[in-house]
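Each remark here refers to the structure printed beneath this line.
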Amino acid sequence: MGQILGENVKSFVANALHWISAAVFVSTLSLGLYMTSLEFMHPWYNSAPDFHKSTGIAVFFLVAIRSVWRFFFIEPAPIPGGDWKRSVDPILHRGFYFLFFGITFCGYLIPTADGRGVEFFGLFEVPALFSYKEPQEEIAGTLHLSLVFLTLCLALLHTRINIRRCASKFKSLFKLSS
């Protein structure tokens with residue numbers, strides 16, 4: 001199956017899925033932090049959580065698509081540099097998939113604790129599959145927030161590791177253009 005598409009197309013799709021997932025995650029994180037500070041009378045008090053849930057479902061679907069794409073088509077290029085970078089970065093990549101699925105699953109468990117489903121931008125509803133009332137909402141909320149902050153810390157490490165790779169690509173690009 002990998003022979004059908006050219007390497008450039010596979011790489012472009014993988015990079016697009018990576019950056020779209022990252023952008024949606026960061027915007028969902030930002031909205032999640034913002035909405036927890038809203039007062040009851042704020043106009044976004046009800047709509048912000050609905051939008052946050054919908055973007056969380058979008059993150060789940062993007063990560064599922066990325067997982068399938070990566071399984072069938074492309075692995076990231078090895079990291080140039082020291083041994084610790086080469087060994088840590090693949091672990092981070094795999095860990096991100098588990099973390100994103102964990103974050104979205106815990107996020108799903110929070111609003112479904114009372115038995116109601118979650119709307120996806122008003123297009124369809126994801127039904128509540130588990131409903132354990134009060135402990136479910138509290139435990140899932142704590143796990144959701146903990147996994148988000150763990151992911152954020154690991155994303156900073158991932159960024160630190162990959163800055164050198166990006167810098168070397170830009171250097172070679174400028175050498176070609178001059």
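Residue numbers start at 1 in each chain; chains themselves are named A, B, ... in the order of the structure tokens; ligands are numbered from 1 in the order shown.
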Task: Spatial neighbours of Thr104 in chain A, 9 Å, only C-alpha atoms, chain gap at least 2 places, as a PyMOL selection string - done: chain A and resi 53+56-57+59-60+99-102+106-109+144
- [ ] Write out as a count of residues only each polymer residue whose atoms come within 8 Å of Thr28 in chain A, counting only C-alpha atoms; drop sequence neighbours fewer than 4 positions from it.
- [x] 5
TODO: Mind giving me the straight-line distance from CA of Asp89 in chain A to CA of His158 in chain A in Å, one decimal?
DONE: 6.8 Å
Open item on the list: Give me, as a list of chain:residue names, all polymer residues having an atom no more than 10 Å from Trp69 in chain A, counting only C-alpha atoms and skipping those fewer than 4 positions away in the same chain.
Closed with: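 Here the answer would be A:Lys10, A:Val13, A:Ala14, A:Leu17, A:Val63, A:Ala64, A:Ile65, A:Phe73, A:Ile74, A:Glu75.
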Task: For Tyr45 in chain A: contacts at 12 Å, only C-alpha atoms, fewer than 5 positions along chain excluded, given as a PyMOL selection string - done: chain A and resi 31-32+34-40+50-52
Filtering to N, CA and C atoms, could you give me those residues as a PDB file, in the first residue's frame?
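Now in result22.pdb:
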```pdb
ATOM      1  N   LEU A  31      -8.837  26.818  25.261  1.00  0.00           N
ATOM      2  CA  LEU A  31     -10.256  27.011  25.549  1.00  0.00           C
ATOM      3  C   LEU A  31     -10.640  26.342  26.866  1.00  0.00           C
ATOM      4  N   GLY A  32     -10.104  25.160  27.114  1.00  0.00           N
ATOM      5  CA  GLY A  32     -10.396  24.450  28.361  1.00  0.00           C
ATOM      6  C   GLY A  32      -9.950  25.236  29.581  1.00  0.00           C
ATOM      7  N   TYR A  34      -9.456  28.518  29.640  1.00  0.00           N
ATOM      8  CA  TYR A  34     -10.241  29.752  29.665  1.00  0.00           C
ATOM      9  C   TYR A  34     -11.639  29.511  30.240  1.00  0.00           C
ATOM     10  N   MET A  35     -12.272  28.434  29.819  1.00  0.00           N
ATOM     11  CA  MET A  35     -13.670  28.217  30.220  1.00  0.00           C
ATOM     12  C   MET A  35     -13.813  27.910  31.713  1.00  0.00           C
ATOM     13  N   THR A  36     -12.746  27.413  32.328  1.00  0.00           N
ATOM     14  CA  THR A  36     -12.843  27.145  33.765  1.00  0.00           C
ATOM     15  C   THR A  36     -12.873  28.426  34.592  1.00  0.00           C
ATOM     16  N   SER A  37     -12.495  29.546  33.983  1.00  0.00           N
ATOM     17  CA  SER A  37     -12.493  30.823  34.707  1.00  0.00           C
ATOM     18  C   SER A  37     -13.749  31.655  34.441  1.00  0.00           C
ATOM     19  N   LEU A  38     -14.666  31.163  33.621  1.00  0.00           N
ATOM     20  CA  LEU A  38     -15.846  31.947  33.260  1.00  0.00           C
ATOM     21  C   LEU A  38     -16.843  32.044  34.410  1.00  0.00           C
ATOM     22  N   GLU A  39     -17.393  33.218  34.578  1.00  0.00           N
ATOM     23  CA  GLU A  39     -18.452  33.438  35.558  1.00  0.00           C
ATOM     24  C   GLU A  39     -19.766  32.892  35.004  1.00  0.00           C
ATOM     25  N   PHE A  40     -20.714  32.616  35.890  1.00  0.00           N
ATOM     26  CA  PHE A  40     -22.005  32.043  35.492  1.00  0.00           C
ATOM     27  C   PHE A  40     -22.735  32.911  34.476  1.00  0.00           C
ATOM     28  N   ASP A  50     -19.357  23.389  25.283  1.00  0.00           N
ATOM     29  CA  ASP A  50     -19.843  22.632  24.126  1.00  0.00           C
ATOM     30  C   ASP A  50     -18.806  22.629  23.004  1.00  0.00           C
ATOM     31  N   PHE A  51     -18.204  23.788  22.754  1.00  0.00           N
ATOM     32  CA  PHE A  51     -17.176  23.881  21.718  1.00  0.00           C
ATOM     33  C   PHE A  51     -15.942  23.071  22.120  1.00  0.00           C
ATOM     34  N   HIS A  52     -15.575  23.121  23.399  1.00  0.00           N
ATOM     35  CA  HIS A  52     -14.434  22.358  23.915  1.00  0.00           C
ATOM     36  C   HIS A  52     -14.660  20.850  23.721  1.00  0.00           C
TER      37      HIS A  52
END
```
Open item on the list: One number please: CA of Pro43 in chain A to CA of Leu62 in chain A, in Å, one decimal.
Closed with: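 Here the two named atoms are 29.2 Å from each other.
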Task: For CA of Phe120 in chain A and CA of Leu154 in chain A, the interatomic separation in Å (one decimal) - done: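 That distance, rounded to one decimal, is 28.0 Å.
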TODO: Show which residues sit within 10 Å of Pro135 in chain A, as a PyMOL selection string. Count only C-alpha atoms, and ignore same-chain residues fewer than 5 positions away.
DONE: chain A and resi 110+113+140-141
- [ ] Name the residues of range 1-176 of chain A that fall into helix (DSSP H, G or I) according to DSSP on the backbone, using the chain letters and numbers of this document, as an MDAnalysis selection string.
- [x] chainID A and resid 7:35 47:72 83:109 111:114 134:176
Open item on the list: Please list as a list in words every residue within 9 Å of Asp114 in chain A, counting only C-alpha atoms and excluding residues in the same chain fewer than 4 positions away.
Closed with: Ile110, Ala128, Ser131, Tyr132, Lys133, Glu134 and Glu137 of chain A
